[in-house]
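Shown here: model-v4.cif, mmCIF, C-alpha atoms.
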```cif
data_final
#
loop_
_atom_site.label_atom_id
_atom_site.label_comp_id
_atom_site.auth_asym_id
_atom_site.auth_seq_id
_atom_site.Cartn_x
_atom_site.Cartn_y
_atom_site.Cartn_z
CA MET A 1 -65.40 -14.45 20.25
CA GLY A 2 -67.80 -16.95 21.80
CA GLN A 3 -67.92 -17.78 25.48
CA VAL A 4 -66.57 -21.32 25.19
CA THR A 5 -63.79 -20.24 22.83
CA GLU A 6 -62.81 -17.50 25.27
CA ALA A 7 -62.76 -19.97 28.18
CA TYR A 8 -60.66 -22.40 26.11
CA GLN A 9 -58.12 -19.74 25.15
CA THR A 10 -57.87 -18.62 28.77
CA ARG A 11 -57.02 -22.18 29.83
CA VAL A 12 -54.43 -22.47 27.05
CA ALA A 13 -52.83 -19.17 28.08
CA SER A 14 -52.65 -20.34 31.71
CA GLY A 15 -50.99 -23.61 30.70
CA ASP A 16 -53.90 -25.80 31.78
CA PHE A 17 -54.47 -26.99 28.19
CA ASP A 18 -52.28 -27.44 25.14
CA ALA A 19 -53.67 -25.67 22.08
CA ASP A 20 -55.09 -28.35 19.78
CA PRO A 21 -56.27 -27.44 16.24
CA ALA A 22 -58.75 -30.34 16.19
CA GLN A 23 -60.32 -29.19 19.46
CA ALA A 24 -60.47 -25.62 18.15
CA THR A 25 -62.71 -26.72 15.25
CA VAL A 26 -65.37 -27.85 17.76
CA LEU A 27 -65.48 -24.57 19.70
CA PRO A 28 -67.77 -22.60 17.30
CA GLU A 29 -70.53 -25.19 17.67
CA LEU A 30 -70.24 -25.11 21.46
CA ASP A 31 -70.29 -21.30 21.27
CA ARG A 32 -73.54 -21.59 19.30
CA VAL A 33 -75.10 -23.73 22.00
CA ALA A 34 -73.93 -21.38 24.75
CA GLU A 35 -75.31 -18.35 22.90
CA ALA A 36 -78.65 -20.08 22.30
CA MET A 37 -78.84 -20.91 25.99
CA LYS A 38 -78.09 -17.30 26.92
CA SER A 39 -80.83 -15.97 24.63
CA ALA A 40 -83.40 -18.41 26.06
CA PRO A 41 -84.15 -17.18 29.59
CA SER A 42 -86.50 -20.02 30.45
CA ARG A 43 -86.87 -23.62 29.48
CA ASN A 44 -90.46 -23.15 28.34
CA VAL A 45 -89.58 -20.31 25.99
CA PHE A 46 -86.69 -22.36 24.59
CA GLY A 47 -89.02 -25.30 24.10
CA ARG A 48 -91.43 -23.21 22.01
CA VAL A 49 -88.57 -22.04 19.81
CA LEU A 50 -87.58 -25.63 19.16
CA LYS A 51 -91.11 -26.65 18.20
CA ARG A 52 -91.56 -23.70 15.81
CA THR A 53 -88.22 -24.47 14.13
CA PRO A 54 -87.84 -28.23 13.68
CA ALA A 55 -84.55 -27.80 11.77
CA PHE A 56 -82.89 -26.28 14.85
CA THR A 57 -80.32 -28.67 16.29
CA ALA A 58 -80.88 -28.92 20.02
CA GLY A 59 -77.33 -29.79 20.93
CA VAL A 60 -74.17 -31.65 19.97
CA TYR A 61 -73.06 -35.26 19.59
CA LEU A 62 -69.25 -35.09 19.89
CA TRP A 63 -67.45 -38.29 19.01
CA GLY A 64 -63.88 -39.45 18.44
CA GLY A 65 -61.06 -41.55 19.81
CA VAL A 66 -60.39 -41.90 23.51
CA GLY A 67 -58.41 -39.21 25.29
CA ARG A 68 -58.89 -36.56 22.60
CA GLY A 69 -60.50 -33.97 24.87
CA LYS A 70 -64.21 -34.51 24.23
CA SER A 71 -65.18 -34.51 27.90
CA MET A 72 -62.98 -31.49 28.59
CA LEU A 73 -64.71 -29.46 25.86
CA MET A 74 -68.16 -30.50 27.07
CA ASP A 75 -67.18 -29.52 30.62
CA LEU A 76 -66.14 -26.07 29.38
CA LEU A 77 -69.62 -25.60 27.92
CA HIS A 78 -71.19 -26.78 31.16
CA GLU A 79 -69.07 -24.33 33.16
CA VAL A 80 -69.89 -21.44 30.83
CA VAL A 81 -73.64 -22.06 30.92
CA GLY A 82 -73.64 -22.92 34.64
CA GLY A 83 -76.63 -22.53 36.90
CA GLU A 84 -79.07 -24.97 38.43
CA GLN A 85 -80.67 -25.66 35.05
CA SER A 86 -77.50 -27.30 33.70
CA ARG A 87 -76.58 -30.89 34.56
CA ARG A 88 -73.46 -32.92 33.81
CA VAL A 89 -73.56 -36.69 34.32
CA HIS A 90 -72.02 -39.89 32.96
CA PHE A 91 -74.33 -41.57 30.45
CA HIS A 92 -74.37 -44.92 32.26
CA ALA A 93 -75.27 -43.24 35.56
CA PHE A 94 -78.01 -41.24 33.85
CA MET A 95 -79.59 -44.33 32.29
CA GLN A 96 -79.45 -46.12 35.64
CA GLU A 97 -81.43 -43.23 37.09
CA VAL A 98 -83.92 -43.42 34.22
CA GLN A 99 -84.42 -47.16 34.65
CA GLY A 100 -84.82 -46.76 38.42
CA ARG A 101 -87.47 -44.09 38.03
CA LEU A 102 -89.28 -46.14 35.39
CA HIS A 103 -89.36 -49.10 37.78
CA GLU A 104 -90.89 -47.00 40.55
CA THR A 105 -93.39 -45.28 38.26
CA ARG A 106 -94.64 -48.58 36.81
CA LYS A 107 -95.76 -49.52 40.31
CA THR A 108 -98.42 -46.78 40.02
CA GLN A 109 -100.06 -48.69 37.16
CA VAL A 110 -99.62 -45.76 34.77
CA ASP A 111 -100.18 -46.71 31.12
CA ASP A 112 -96.83 -45.40 29.85
CA ALA A 113 -94.26 -44.79 32.60
CA LEU A 114 -91.78 -43.20 30.21
CA ILE A 115 -93.83 -40.05 29.62
CA PRO A 116 -94.11 -38.88 33.26
CA VAL A 117 -90.50 -39.89 33.99
CA ALA A 118 -89.18 -37.91 31.01
CA ALA A 119 -91.33 -34.94 32.03
CA GLU A 120 -90.10 -35.10 35.63
CA MET A 121 -86.43 -35.33 34.63
CA SER A 122 -86.84 -32.50 32.10
CA ASP A 123 -88.54 -30.16 34.55
CA GLY A 124 -86.39 -27.09 35.13
CA LEU A 125 -83.55 -28.51 33.01
CA ARG A 126 -82.17 -26.53 30.07
CA LEU A 127 -78.80 -28.18 29.36
CA LEU A 128 -77.99 -31.88 29.81
CA CYS A 129 -74.34 -32.88 29.34
CA LEU A 130 -73.90 -36.64 29.02
CA ASP A 131 -70.41 -38.09 29.03
CA GLU A 132 -69.42 -41.24 27.11
CA MET A 133 -72.61 -42.43 25.48
CA GLN A 134 -72.37 -46.12 24.79
CA ILE A 135 -75.32 -48.48 24.57
CA SER A 136 -74.67 -52.06 25.65
CA ASP A 137 -77.81 -52.86 27.64
CA ILE A 138 -80.89 -53.96 25.70
CA ALA A 139 -83.13 -52.40 28.35
CA ASP A 140 -81.52 -49.01 27.66
CA ALA A 141 -81.57 -49.56 23.89
CA MET A 142 -85.32 -50.18 23.86
CA ILE A 143 -86.27 -46.93 25.62
CA VAL A 144 -83.48 -44.44 24.95
CA GLY A 145 -84.93 -43.13 21.67
CA ARG A 146 -88.39 -42.32 22.97
CA PHE A 147 -86.98 -40.93 26.20
CA PHE A 148 -84.64 -38.47 24.52
CA GLU A 149 -87.27 -37.45 22.01
CA GLN A 150 -89.49 -36.47 24.95
CA MET A 151 -86.65 -34.48 26.55
CA LEU A 152 -85.74 -32.70 23.34
CA ASP A 153 -89.38 -31.82 22.67
CA ALA A 154 -89.55 -30.39 26.20
CA GLY A 155 -86.76 -27.98 25.25
CA VAL A 156 -83.77 -29.66 26.89
CA VAL A 157 -80.50 -29.03 25.04
CA VAL A 158 -78.47 -32.24 24.95
CA VAL A 159 -74.69 -32.34 24.51
CA THR A 160 -73.08 -35.77 24.64
CA THR A 161 -69.70 -37.35 24.02
CA SER A 162 -68.99 -40.80 22.64
CA ASN A 163 -66.12 -42.86 21.31
CA LEU A 164 -68.44 -44.06 18.54
CA THR A 165 -70.03 -42.51 15.49
CA PRO A 166 -73.84 -42.63 15.87
CA ASP A 167 -74.11 -45.41 13.27
CA ASP A 168 -71.95 -47.67 15.45
CA LEU A 169 -74.02 -47.29 18.64
CA TYR A 170 -75.43 -50.63 19.87
CA LYS A 171 -73.77 -52.30 16.87
CA ASP A 172 -74.74 -55.99 16.59
CA GLY A 173 -77.05 -55.53 19.59
CA LEU A 174 -80.16 -57.67 20.10
CA ASN A 175 -83.22 -56.27 18.25
CA ARG A 176 -81.06 -53.43 16.93
CA ALA A 177 -83.70 -52.55 14.32
CA LEU A 178 -85.82 -51.14 17.15
CA PHE A 179 -82.87 -48.93 18.13
CA LEU A 180 -82.25 -47.38 14.72
CA PRO A 181 -84.82 -44.55 15.15
CA PHE A 182 -82.63 -43.21 17.98
CA ILE A 183 -79.69 -42.95 15.58
CA ASP A 184 -81.90 -41.02 13.19
CA LEU A 185 -83.00 -38.77 16.05
CA ILE A 186 -79.37 -37.96 16.87
CA LYS A 187 -78.60 -37.07 13.27
CA VAL A 188 -81.65 -34.82 12.93
CA ARG A 189 -81.75 -33.12 16.31
CA LEU A 190 -78.04 -32.89 17.24
CA SER A 191 -74.99 -31.58 15.42
CA VAL A 192 -72.77 -34.62 14.91
CA ILE A 193 -69.10 -33.61 15.11
CA GLU A 194 -65.96 -35.75 15.03
CA LEU A 195 -63.04 -34.68 17.19
CA ALA A 196 -60.17 -36.03 15.12
CA SER A 197 -57.17 -35.03 17.20
CA PRO A 198 -54.13 -37.30 16.68
CA ARG A 199 -53.18 -37.05 20.36
CA ASP A 200 -54.38 -39.28 23.20
CA TYR A 201 -54.06 -36.89 26.13
CA ARG A 202 -54.80 -39.54 28.75
CA GLN A 203 -51.85 -41.61 27.61
CA ASP A 204 -49.67 -38.51 27.26
CA ARG A 205 -50.47 -37.65 30.88
CA LEU A 206 -48.78 -40.88 31.96
CA GLU A 207 -45.69 -40.38 29.82
CA GLY A 208 -42.68 -40.82 32.09
CA GLU A 209 -44.85 -41.56 35.14
CA GLN A 210 -44.39 -44.57 37.39
CA VAL A 211 -47.50 -46.71 37.07
CA TYR A 212 -46.71 -49.80 39.20
CA PHE A 213 -46.13 -49.28 42.92
CA HIS A 214 -44.94 -51.82 45.49
CA PRO A 215 -45.38 -52.54 48.27
CA ALA A 216 -48.93 -51.22 48.56
CA ASP A 217 -48.10 -48.98 51.48
CA ALA A 218 -48.98 -45.40 52.39
CA SER A 219 -46.46 -44.02 49.91
CA ALA A 220 -47.95 -46.07 47.07
CA ARG A 221 -51.48 -45.05 48.02
CA ALA A 222 -50.48 -41.38 48.04
CA ALA A 223 -48.85 -41.65 44.61
CA VAL A 224 -51.92 -43.31 43.11
CA ALA A 225 -54.22 -40.80 44.80
CA ARG A 226 -52.30 -38.03 43.06
CA LEU A 227 -52.76 -39.69 39.68
CA ARG A 228 -56.40 -40.33 40.49
CA ASP A 229 -57.02 -36.67 41.29
CA ASP A 230 -55.23 -35.63 38.10
CA PHE A 231 -57.53 -37.81 36.01
CA PHE A 232 -60.82 -37.43 37.89
CA GLY A 233 -60.89 -34.10 39.67
CA SER A 234 -64.23 -34.19 41.47
CA ARG A 235 -66.24 -35.79 38.67
CA ALA A 236 -65.87 -39.52 39.32
CA GLY A 237 -68.89 -41.72 39.89
CA PRO A 238 -69.59 -45.45 39.69
CA LEU A 239 -69.69 -47.25 36.35
CA VAL A 240 -72.22 -50.07 35.99
CA LEU A 241 -71.84 -52.46 33.07
CA SER A 242 -74.46 -54.96 31.97
CA VAL A 243 -73.10 -58.36 30.88
CA LYS A 244 -75.56 -61.09 29.96
CA GLY A 245 -78.19 -59.59 32.25
CA ARG A 246 -75.82 -59.17 35.20
CA LYS A 247 -74.55 -55.88 36.60
CA ILE A 248 -70.87 -55.21 37.22
CA GLU A 249 -70.00 -52.10 39.20
CA ILE A 250 -66.68 -50.28 39.15
CA PRO A 251 -66.59 -47.87 42.12
CA GLU A 252 -65.03 -44.84 40.37
CA PHE A 253 -65.11 -43.83 36.71
CA ALA A 254 -64.72 -40.63 34.69
CA ASN A 255 -63.48 -39.81 31.21
CA GLY A 256 -62.54 -43.40 30.40
CA VAL A 257 -60.50 -43.86 33.58
CA ALA A 258 -61.67 -46.40 36.18
CA ARG A 259 -60.49 -47.04 39.72
CA ALA A 260 -61.13 -50.17 41.77
CA ARG A 261 -59.62 -52.33 44.51
CA PHE A 262 -58.50 -55.87 43.81
CA PRO A 263 -61.48 -57.39 45.69
CA ASP A 264 -63.90 -55.32 43.56
CA LEU A 265 -62.80 -57.07 40.37
CA CYS A 266 -61.18 -60.34 41.41
CA GLY A 267 -62.89 -61.13 44.70
CA LEU A 268 -66.25 -61.59 42.97
CA PRO A 269 -67.31 -64.49 40.70
CA LEU A 270 -66.57 -62.73 37.41
CA GLY A 271 -65.58 -64.44 34.18
CA PRO A 272 -63.95 -63.71 30.81
CA ALA A 273 -67.02 -61.93 29.39
CA ASP A 274 -67.06 -59.58 32.37
CA TYR A 275 -63.40 -58.70 32.05
CA LEU A 276 -63.74 -58.19 28.31
CA ALA A 277 -66.60 -55.74 28.97
CA ILE A 278 -64.45 -53.86 31.48
CA ALA A 279 -61.52 -53.71 29.05
CA ASP A 280 -63.85 -52.42 26.35
CA ALA A 281 -65.31 -49.70 28.58
CA VAL A 282 -62.16 -48.17 30.07
CA ARG A 283 -58.93 -46.73 28.70
CA VAL A 284 -57.00 -46.55 31.97
CA LEU A 285 -57.58 -48.80 34.99
CA ILE A 286 -56.28 -47.93 38.44
CA LEU A 287 -56.21 -51.23 40.36
CA GLU A 288 -55.16 -51.13 44.01
CA GLU A 289 -54.18 -53.75 46.58
CA ILE A 290 -53.03 -56.59 44.33
CA PRO A 291 -52.00 -59.27 46.88
CA TYR A 292 -49.62 -62.18 46.91
CA PHE A 293 -51.04 -65.26 45.13
CA SER A 294 -50.99 -68.80 46.47
CA SER A 295 -53.19 -71.87 46.82
CA GLU A 296 -55.19 -69.98 49.43
CA ASN A 297 -56.58 -67.57 46.87
CA ALA A 298 -56.49 -69.73 43.74
CA ASN A 299 -59.85 -68.47 42.44
CA GLU A 300 -58.78 -64.87 42.76
CA THR A 301 -55.53 -65.74 40.98
CA ARG A 302 -57.35 -67.20 37.98
CA ARG A 303 -59.60 -64.14 37.77
CA PHE A 304 -56.62 -61.81 37.98
CA VAL A 305 -54.85 -63.66 35.15
CA THR A 306 -58.00 -63.38 33.01
CA LEU A 307 -58.38 -59.69 33.82
CA ILE A 308 -54.77 -58.90 32.87
CA ASP A 309 -55.16 -60.85 29.61
CA ALA A 310 -58.24 -58.79 28.74
CA LEU A 311 -56.56 -55.49 29.60
CA TYR A 312 -53.41 -56.45 27.71
CA GLU A 313 -55.23 -57.42 24.52
CA ALA A 314 -57.33 -54.23 24.63
CA ARG A 315 -54.22 -52.13 25.37
CA VAL A 316 -55.77 -50.62 28.50
CA ARG A 317 -53.19 -48.72 30.54
CA LEU A 318 -52.83 -50.17 34.05
CA ILE A 319 -51.88 -48.22 37.16
CA ALA A 320 -51.45 -50.58 40.11
CA THR A 321 -50.41 -50.98 43.71
CA ALA A 322 -49.23 -54.47 44.60
CA ALA A 323 -47.63 -56.49 47.35
CA ASN A 324 -44.43 -56.96 45.36
CA THR A 325 -42.90 -56.88 41.89
CA PRO A 326 -44.82 -58.80 39.21
CA GLU A 327 -42.33 -61.68 39.29
CA ARG A 328 -42.73 -62.15 43.04
CA LEU A 329 -46.51 -62.01 43.35
CA GLN A 330 -47.10 -65.74 42.81
CA ILE A 331 -45.26 -67.25 45.76
CA GLU A 332 -46.46 -70.86 45.55
CA GLY A 333 -49.31 -73.11 44.50
CA ILE A 334 -50.76 -74.59 41.33
CA GLY A 335 -50.31 -72.26 38.39
CA ALA A 336 -47.09 -70.65 39.58
CA PHE A 337 -45.39 -71.53 36.29
CA GLU A 338 -48.31 -70.26 34.20
CA PHE A 339 -48.32 -67.02 36.19
CA GLU A 340 -44.96 -66.16 34.63
CA ARG A 341 -46.79 -64.98 31.50
CA THR A 342 -48.99 -62.69 33.57
CA ALA A 343 -45.94 -61.31 35.37
CA SER A 344 -44.30 -60.70 32.01
CA ARG A 345 -47.35 -58.82 30.77
CA LEU A 346 -47.53 -56.74 33.94
CA ARG A 347 -43.90 -55.79 33.42
CA GLU A 348 -44.43 -54.98 29.74
CA MET A 349 -47.52 -52.85 30.50
CA GLN A 350 -45.34 -50.55 32.63
CA SER A 351 -43.09 -49.62 29.75
CA ALA A 352 -43.32 -46.41 27.73
CA GLU A 353 -42.90 -48.51 24.55
CA TRP A 354 -46.03 -50.51 25.33
CA CYS A 355 -47.95 -47.30 26.02
CA ARG A 356 -47.04 -45.87 22.62
CA ALA A 357 -47.61 -49.09 20.66
#
```
Represent the supplied structure as structure tokens.
Amino acid sequence: MGQVTEAYQTRVASGDFDADPAQATVLPELDRVAEAMKSAPSRNVFGRVLKRTPAFTAGVYLWGGVGRGKSMLMDLLHEVVGGEQSRRVHFHAFMQEVQGRLHETRKTQVDDALIPVAAEMSDGLRLLCLDEMQISDIADAMIVGRFFEQMLDAGVVVVTTSNLTPDDLYKDGLNRALFLPFIDLIKVRLSVIELASPRDYRQDRLEGEQVYFHPADASARAAVARLRDDFFGSRAGPLVLSVKGRKIEIPEFANGVARARFPDLCGLPLGPADYLAIADAVRVLILEEIPYFSSENANETRRFVTLIDALYEARVRLIATAANTPERLQIEGIGAFEFERTASRLREMQSAEWCRA
């Protein structure tokens, strides 16, 4: 029995996981990666093995629907391999780091900043676990292929999760033809596996749970903090989305679950495209401190209405703390009548029927 399979079965026996046949089909490939890592005592030795055997797949591209357990399986591998030479990071955060280092390195007038940056980030690294690969930024799309080719050639084993099959990455993106070699690289150098579980474990986790809390007092904050810890553990980090050249930051994100305060999303000059990008990127949104609405915060009201519309249409699950019930949030001002639809949607989004639809 492989190391990852053994760790998985231990968690099932302890009640931490439910046994899932679809997840079980992925375990042998993760066992293969763990065994290869164990038999390669140093990154340099592992790198030479890769170069002598081009057909060797350096890692895994695990894709499938949201909430199916992709991140959990990748985390098991990361825990099994362990050590300072293993790194686990969200894909967006990793690419932010890459772009930041490229920016600094270009100041040195080097001919090709990507080569020294890839070498620096590969140094001492044997396993790179990247969660939720999704390419939406043209700047990332134009460099990601060459960057990962450099890392793979340096002997780094890459395991990544995604909601998308490789062929759908950066779909309809600007200058996508220049991105296609990266898709080919994934297919050649990584084992592409679909996790086709019928269950959405993130939604199941909220079955029967209260998801709308009012007023937004200490009790509500404690309840949401409990849900937050259940979803995130200690892995949350910021999520930065690129929309028409602008950056939108959500303070906490992990495994498709985002957490933000009302001012983070509705106190800034965001528009429909921004909220659509957020709804596309997250499966569950924890939104805290929704206030009363009146003529004094009319701009924030309009943004909130647009945000709820985007979340509703994308069927994003909302966990919220608010000043009052949905029907009593809009106390006066222009748009009070129109807000009734938003209140109705907020009420509907709390129901178990909406969650299962």
| Could you write out as number ranges by chain the residues that the PyMOL selection byres ((chain A and resi 312-324) around 6) matches in the shown file? | A: 211-216, 283-291, 308-311, 325, 328-329
Evaluate the PyMOL selection byres ((chain A and resi 187) around 12) on the structure here and hand back the selected residues as a CSV table (one decimal) with C-alpha atoms, in the coordinates of the input.
```csv
chain,number,residue,atom,x,y,z
A,55,ALA,CA,-84.6,-27.8,11.8
A,56,PHE,CA,-82.9,-26.3,14.8
A,57,THR,CA,-80.3,-28.7,16.3
A,58,ALA,CA,-80.9,-28.9,20.0
A,59,GLY,CA,-77.3,-29.8,20.9
A,60,VAL,CA,-74.2,-31.6,20.0
A,61,TYR,CA,-73.1,-35.3,19.6
A,62,LEU,CA,-69.2,-35.1,19.9
A,165,THR,CA,-70.0,-42.5,15.5
A,166,PRO,CA,-73.8,-42.6,15.9
A,167,ASP,CA,-74.1,-45.4,13.3
A,180,LEU,CA,-82.2,-47.4,14.7
A,181,PRO,CA,-84.8,-44.6,15.2
A,182,PHE,CA,-82.6,-43.2,18.0
A,183,ILE,CA,-79.7,-43.0,15.6
A,184,ASP,CA,-81.9,-41.0,13.2
A,185,LEU,CA,-83.0,-38.8,16.0
A,186,ILE,CA,-79.4,-38.0,16.9
A,188,VAL,CA,-81.6,-34.8,12.9
A,189,ARG,CA,-81.8,-33.1,16.3
A,190,LEU,CA,-78.0,-32.9,17.2
A,191,SER,CA,-75.0,-31.6,15.4
A,192,VAL,CA,-72.8,-34.6,14.9
A,193,ILE,CA,-69.1,-33.6,15.1
```
Exercise for review: Give as an MDAnalysis selection string each residue that has an atom at most 12 Å from (-91.9, -46.0, 37.5) in the file, counting all atoms listed in the file.
Suggested key: chainID A and resid 97:118 120
Grab the CA of Asn297 (chain A) to CA of Cys266 (chain A) distance for me, in Å with one decimal place.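 Separating CA of Asn297 (chain A) from CA of Cys266 (chain A) is a distance of 10.2 Å.
Counting from CA of Asp153 (chain A), the distance to CA of Leu125 (chain A) is 12.3 Å.
The space separating CA of Glu35 (chain A) from CA of Asn255 (chain A) comes to 25.9 Å.
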Restricting to all atoms listed in the file, whichever of A:Ala13, A:Met72, A:Thr306, A:Arg259 is closest to Leu227 (chain A) is A:Arg259
(request) Within 10 Å of Arg88 (chain A), counting only C-alpha atoms, which residues show up once you throw out same-chain ones fewer than 4 positions away? Write them as a list of chain:residue names, please. (result) A:Met74, A:Asp75, A:His78, A:Glu79, A:Phe94, A:Leu127, A:Leu128, A:Cys129, A:Leu130, A:Asp131, A:Val159, A:Thr160, A:Arg235
With C-alpha atoms retained, write the just-selected residues as a PDB file, in the frame of the given file.
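Listing of part-v7.pdb after writing:
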```pdb
ATOM      1  CA  MET A  74     -68.160 -30.500  27.070  1.00  0.00           C
ATOM      2  CA  ASP A  75     -67.180 -29.520  30.620  1.00  0.00           C
ATOM      3  CA  HIS A  78     -71.190 -26.780  31.160  1.00  0.00           C
ATOM      4  CA  GLU A  79     -69.070 -24.330  33.160  1.00  0.00           C
ATOM      5  CA  PHE A  94     -78.010 -41.240  33.850  1.00  0.00           C
ATOM      6  CA  LEU A 127     -78.800 -28.180  29.360  1.00  0.00           C
ATOM      7  CA  LEU A 128     -77.990 -31.880  29.810  1.00  0.00           C
ATOM      8  CA  CYS A 129     -74.340 -32.880  29.340  1.00  0.00           C
ATOM      9  CA  LEU A 130     -73.900 -36.640  29.020  1.00  0.00           C
ATOM     10  CA  ASP A 131     -70.410 -38.090  29.030  1.00  0.00           C
ATOM     11  CA  VAL A 159     -74.690 -32.340  24.510  1.00  0.00           C
ATOM     12  CA  THR A 160     -73.080 -35.770  24.640  1.00  0.00           C
ATOM     13  CA  ARG A 235     -66.240 -35.790  38.670  1.00  0.00           C
TER      14      ARG A 235
END
```
Next item on the list: Find the residues near Leu239 (chain A): any atom within 12 Å, counting only C-alpha atoms, skip ones fewer than 6 places away on the same chain, and give them as a list in words.
Entry: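 Listing them by chain and then by number gives Val89, His90, Phe91, His92, Ala93, Phe94, Met95, Gln96, Asp131, Glu132, Gln134, Lys247, Ile248, Glu249, Ile250, Pro251, Glu252, Phe253, Ala254, Asn255, Gly256, Val257, Ala258, Arg259, Ala260, Ala277, Ile278, Ala281 and Val282 of chain A.
Nearest to Gln210 (chain A) of all the residues A:Pro263, A:Phe232, A:Ser351, A:Gly15 is A:Ser351, counting only C-alpha atoms.
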Convert the output of the PyMOL selection byres ((chain A and resi 22) around 9) on the shown file into explicit residues, formatted as a CSV table (one decimal) with C-alpha atoms, keeping the file's coordinate frame.
```csv
chain,number,residue,atom,x,y,z
A,20,ASP,CA,-55.1,-28.4,19.8
A,21,PRO,CA,-56.3,-27.4,16.2
A,23,GLN,CA,-60.3,-29.2,19.5
A,24,ALA,CA,-60.5,-25.6,18.2
A,25,THR,CA,-62.7,-26.7,15.2
A,26,VAL,CA,-65.4,-27.8,17.8
A,68,ARG,CA,-58.9,-36.6,22.6
A,195,LEU,CA,-63.0,-34.7,17.2
A,196,ALA,CA,-60.2,-36.0,15.1
A,197,SER,CA,-57.2,-35.0,17.2
A,198,PRO,CA,-54.1,-37.3,16.7
```
- Task: For Glu332 (chain A), work out the shell of residues within 10 Å, counting only C-alpha atoms and skipping chain neighbours fewer than 5 positions away, then give it as a ChimeraX atom specification.
- Result: /A:292-296,337
